[in-house]
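The structure appears right after this line, and notes come after that.
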Amino acid sequence: GRLASAVVGRQGGNIRDFTEQSGCNRIALSSRTNSADRRFICIGNLDQVQQAEELIHRAAMGGADAAGMDRDALDQVTAIFWIPVELSGAVIGRSGATLGAIREQSGVKVQFGKEEVKSMRPCMIIGPLAAVLHAQTLIYGILVKEQQVKGPIKRPAVDDAGGEVKRFRTDGLPQETTKLLIPSKSAGAVIGRQGCGLGRIREDCGVKIEMLTNAQAPQWGDDRVVVLQGSREGRQLAVASVLQQAFPHEDGLPAVLKMLVTRAEAGAIIGKGGGTLKHLREQSGVSVQVEKNDIMGERLVSSRGALTNLVMVAQMILEVMST
């Protein structure tokens, strides 16, 4: 946990560099949990993710040296490899034989979780970094071979929003609401053809999602209101998905985050003496503004910058509002 800041870098600079150098679609720091450790989520192909893991580990070692900490604590790393349920049997093998062979060949501890998260199961790999990378390569080879036999599998997106990944369901959980504003010109990209974009967000994130028409919320001008309802973790994922669709990387333009919050939530985001707002700015590397005046009981929280930074600050804002 203490080394997370060294890995993230000033204003998230290291994370941006690691994402670019590795070619990963995304690298993100997990939400805080009861554990003292923090997790980095890397999304990409095998080569990209493994390069990102090496960069993160190197930065953590440098942070340990700078802080005068013992490097021995970093000799053992833990990686979670998410396996499609349909392919998990091939990784385990008959009576656990394949899993045993992976342990023996790579010299790592491997724990296969029984819980299922969006049709995926977690495979926890523990050992020296080089051994963990070797085990990942072995597992990936098994998955490729098995998938060639079974054919393509619809693989849901894993949780890149951070925290301990949970099974996102909308039933039986508090149905809190998050509201975003997106440019009207981006609405079609988020909605998708015949609503498939919104449907995918519902399925992948486990949230209810609705986009209001300009006539339903005329007070926000040319922006459209996106209403998300579900667990905090689900809404964090959904916010990331909406921003990614509304502000595609290929446009080369800065992304814009606009969130509508209540007066009480605005106060929590600002914090005592502006302390929370300052922390959000420092950790995310982007400026965050909270409008002083409300419109029909809602205040606008806005930020502009790189998509990765905006997703990070949105996650942090949702955490602040949920505490």
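Letters A, B, ... go to the chains of the structure tokens in the order shown; residues in each chain start at 1; ligands are counted from 1 in the same order.
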TODO: Pick out the residues sitting within 10 Å of Val261 of chain A, and hand them over as a ChimeraX atom specification; count only C-alpha atoms, and ignore anything fewer than 3 positions along from it in its own chain.
DONE: /A:177-180,258,264-267,269,290,294,297-301,321
TODO: Can you check which residues of segment 49-279 of chain A DSSP gives as alpha helix (DSSP H) on the backbone and send them as number ranges by chain?
DONE: A: 49-66, 85-92, 97-106, 129-150, 187-191, 196-205, 232-246, 263-270, 275-279
Open item on the list: Could you go through segment 238-300 of chain A and tell me which residues DSSP, when run on the backbone, assigns to strand (DSSP E or B), listing them as a ChimeraX atom specification?
Closed with: /A:255-261,288-290,295,298-300
Just to be explicit: take each residue in the selection above, keep C-alpha atoms, and write the result as a compact mmCIF listing (two decimals), in the first residue's frame.
# COMPACT_ATOMS: atom_id res chain seq x y z
CA ALA A 255 -12.09 13.95 -22.61
CA VAL A 256 -14.54 15.76 -20.36
CA LEU A 257 -16.08 14.43 -17.17
CA LYS A 258 -19.31 16.02 -15.98
CA MET A 259 -21.14 14.60 -12.98
CA LEU A 260 -24.33 15.87 -11.37
CA VAL A 261 -24.38 15.65 -7.58
CA VAL A 288 -11.62 19.13 -10.65
CA GLN A 289 -14.17 21.93 -10.42
CA VAL A 290 -17.35 22.03 -8.32
CA ILE A 295 -29.50 23.95 -11.01
CA GLU A 298 -28.01 19.53 -8.63
CA ARG A 299 -24.45 20.84 -8.79
CA LEU A 300 -22.01 20.17 -11.59
Leu133 of chain A: which residues within 10 Å, counting only C-alpha atoms, same-chain residues fewer than 6 positions away excluded, as a PDB file with N, CA, C and O atoms, in the first residue's frame?
ATOM      1  N   LEU A  46      -1.575 -10.763 -23.620  1.00  0.00           N
ATOM      2  CA  LEU A  46      -0.608 -11.326 -22.671  1.00  0.00           C
ATOM      3  C   LEU A  46       0.696 -10.531 -22.651  1.00  0.00           C
ATOM      4  O   LEU A  46       1.198 -10.166 -21.582  1.00  0.00           O
ATOM      5  N   ASP A  47       1.263 -10.260 -23.817  1.00  0.00           N
ATOM      6  CA  ASP A  47       2.540  -9.539 -23.878  1.00  0.00           C
ATOM      7  C   ASP A  47       2.419  -8.151 -23.249  1.00  0.00           C
ATOM      8  O   ASP A  47       3.318  -7.711 -22.518  1.00  0.00           O
ATOM      9  N   VAL A  49       0.221  -7.054 -20.971  1.00  0.00           N
ATOM     10  CA  VAL A  49       0.012  -7.132 -19.527  1.00  0.00           C
ATOM     11  C   VAL A  49       1.312  -7.504 -18.813  1.00  0.00           C
ATOM     12  O   VAL A  49       1.649  -6.930 -17.766  1.00  0.00           O
ATOM     13  N   GLN A  50       2.052  -8.436 -19.371  1.00  0.00           N
ATOM     14  CA  GLN A  50       3.295  -8.847 -18.715  1.00  0.00           C
ATOM     15  C   GLN A  50       4.327  -7.723 -18.724  1.00  0.00           C
ATOM     16  O   GLN A  50       5.074  -7.548 -17.751  1.00  0.00           O
ATOM     17  N   GLN A  51       4.376  -6.953 -19.792  1.00  0.00           N
ATOM     18  CA  GLN A  51       5.279  -5.804 -19.808  1.00  0.00           C
ATOM     19  C   GLN A  51       4.865  -4.782 -18.756  1.00  0.00           C
ATOM     20  O   GLN A  51       5.699  -4.201 -18.061  1.00  0.00           O
ATOM     21  N   GLU A  53       3.297  -5.434 -15.975  1.00  0.00           N
ATOM     22  CA  GLU A  53       3.641  -5.997 -14.664  1.00  0.00           C
ATOM     23  C   GLU A  53       5.108  -5.747 -14.333  1.00  0.00           C
ATOM     24  O   GLU A  53       5.457  -5.414 -13.188  1.00  0.00           O
ATOM     25  N   GLU A  54       5.969  -5.897 -15.321  1.00  0.00           N
ATOM     26  CA  GLU A  54       7.388  -5.654 -15.098  1.00  0.00           C
ATOM     27  C   GLU A  54       7.658  -4.179 -14.788  1.00  0.00           C
ATOM     28  O   GLU A  54       8.468  -3.854 -13.904  1.00  0.00           O
ATOM     29  N   ALA A  79      -0.444 -12.203  -8.628  1.00  0.00           N
ATOM     30  CA  ALA A  79      -1.168 -11.797  -9.833  1.00  0.00           C
ATOM     31  C   ALA A  79      -2.450 -12.618  -9.932  1.00  0.00           C
ATOM     32  O   ALA A  79      -2.466 -13.801  -9.583  1.00  0.00           O
ATOM     33  N   SER A 106       6.697 -23.950 -13.097  1.00  0.00           N
ATOM     34  CA  SER A 106       7.017 -22.534 -12.873  1.00  0.00           C
ATOM     35  C   SER A 106       7.506 -22.226 -11.474  1.00  0.00           C
ATOM     36  O   SER A 106       8.098 -21.163 -11.230  1.00  0.00           O
ATOM     37  N   VAL A 108       5.577 -21.759  -8.719  1.00  0.00           N
ATOM     38  CA  VAL A 108       4.703 -20.782  -8.061  1.00  0.00           C
ATOM     39  C   VAL A 108       3.606 -21.506  -7.288  1.00  0.00           C
ATOM     40  O   VAL A 108       3.373 -22.705  -7.461  1.00  0.00           O
ATOM     41  N   ILE A 125      -1.892 -16.342  -8.680  1.00  0.00           N
ATOM     42  CA  ILE A 125      -0.541 -16.877  -8.873  1.00  0.00           C
ATOM     43  C   ILE A 125       0.408 -16.110  -7.959  1.00  0.00           C
ATOM     44  O   ILE A 125       0.476 -14.880  -8.001  1.00  0.00           O
ATOM     45  N   GLY A 127       4.417 -15.845  -6.358  1.00  0.00           N
ATOM     46  CA  GLY A 127       5.816 -16.261  -6.449  1.00  0.00           C
ATOM     47  C   GLY A 127       6.678 -15.114  -6.927  1.00  0.00           C
ATOM     48  O   GLY A 127       6.206 -13.973  -7.061  1.00  0.00           O
ATOM     49  N   ILE A 139      -0.455 -20.892 -18.641  1.00  0.00           N
ATOM     50  CA  ILE A 139      -1.916 -20.872 -18.570  1.00  0.00           C
ATOM     51  C   ILE A 139      -2.508 -20.331 -19.870  1.00  0.00           C
ATOM     52  O   ILE A 139      -3.489 -20.873 -20.397  1.00  0.00           O
TER      53      ILE A 139
END
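For the pair atom CA of Gly63 of chain A and atom CA of Ser5 of chain A, the interatomic distance is 8.4 Å.
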Task: Residue contacts of Glu319 of chain A (10 Å, only C-alpha atoms) excluding same-chain residues fewer than 3 positions away, as a ChimeraX atom specification - done: /A:31-32,232-233,236,269,313-316,322-323
Filtering to N, CA and C atoms, could you give me those residues as an mmCIF file, in the first residue's frame?
data_model
loop_
_atom_site.group_PDB
_atom_site.id
_atom_site.type_symbol
_atom_site.label_atom_id
_atom_site.label_comp_id
_atom_site.auth_asym_id
_atom_site.auth_seq_id
_atom_site.Cartn_x
_atom_site.Cartn_y
_atom_site.Cartn_z
ATOM 1 N N SER A 31 -9.503 0.285 -5.906
ATOM 2 C CA SER A 31 -10.050 1.008 -4.760
ATOM 3 C C SER A 31 -9.410 0.477 -3.486
ATOM 4 N N ARG A 32 -9.479 1.259 -2.438
ATOM 5 C CA ARG A 32 -8.983 0.811 -1.136
ATOM 6 C C ARG A 32 -9.911 -0.270 -0.582
ATOM 7 N N ARG A 232 -21.975 0.643 -6.193
ATOM 8 C CA ARG A 232 -20.908 1.594 -6.487
ATOM 9 C C ARG A 232 -19.926 1.012 -7.494
ATOM 10 N N GLU A 233 -19.554 -0.255 -7.293
ATOM 11 C CA GLU A 233 -18.585 -0.877 -8.192
ATOM 12 C C GLU A 233 -19.132 -0.952 -9.611
ATOM 13 N N GLN A 236 -19.035 2.478 -11.133
ATOM 14 C CA GLN A 236 -17.666 2.847 -11.502
ATOM 15 C C GLN A 236 -17.307 2.264 -12.868
ATOM 16 N N ILE A 269 -17.340 16.093 -1.590
ATOM 17 C CA ILE A 269 -16.273 16.128 -2.595
ATOM 18 C C ILE A 269 -15.286 17.256 -2.297
ATOM 19 N N VAL A 313 -10.326 9.756 -11.564
ATOM 20 C CA VAL A 313 -10.937 10.728 -10.662
ATOM 21 C C VAL A 313 -12.428 10.428 -10.480
ATOM 22 N N ALA A 314 -13.091 9.904 -11.502
ATOM 23 C CA ALA A 314 -14.497 9.527 -11.355
ATOM 24 C C ALA A 314 -14.651 8.414 -10.329
ATOM 25 N N GLN A 315 -13.764 7.427 -10.374
ATOM 26 C CA GLN A 315 -13.785 6.352 -9.391
ATOM 27 C C GLN A 315 -13.600 6.906 -7.982
ATOM 28 N N MET A 316 -12.668 7.826 -7.838
ATOM 29 C CA MET A 316 -12.393 8.405 -6.530
ATOM 30 C C MET A 316 -13.587 9.222 -6.024
ATOM 31 N N SER A 322 -19.725 7.691 -1.425
ATOM 32 C CA SER A 322 -20.321 6.501 -0.807
ATOM 33 C C SER A 322 -19.908 6.329 0.643
ATOM 34 N N THR A 323 -18.955 7.156 1.133
ATOM 35 C CA THR A 323 -18.489 7.016 2.508
ATOM 36 C C THR A 323 -19.278 7.919 3.437
#
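Checking A:Arg103, A:His134, A:Lys118, A:Arg39 one by one against Asp204 of chain A, counting only C-alpha atoms, you find the shortest gap at A:Lys118.
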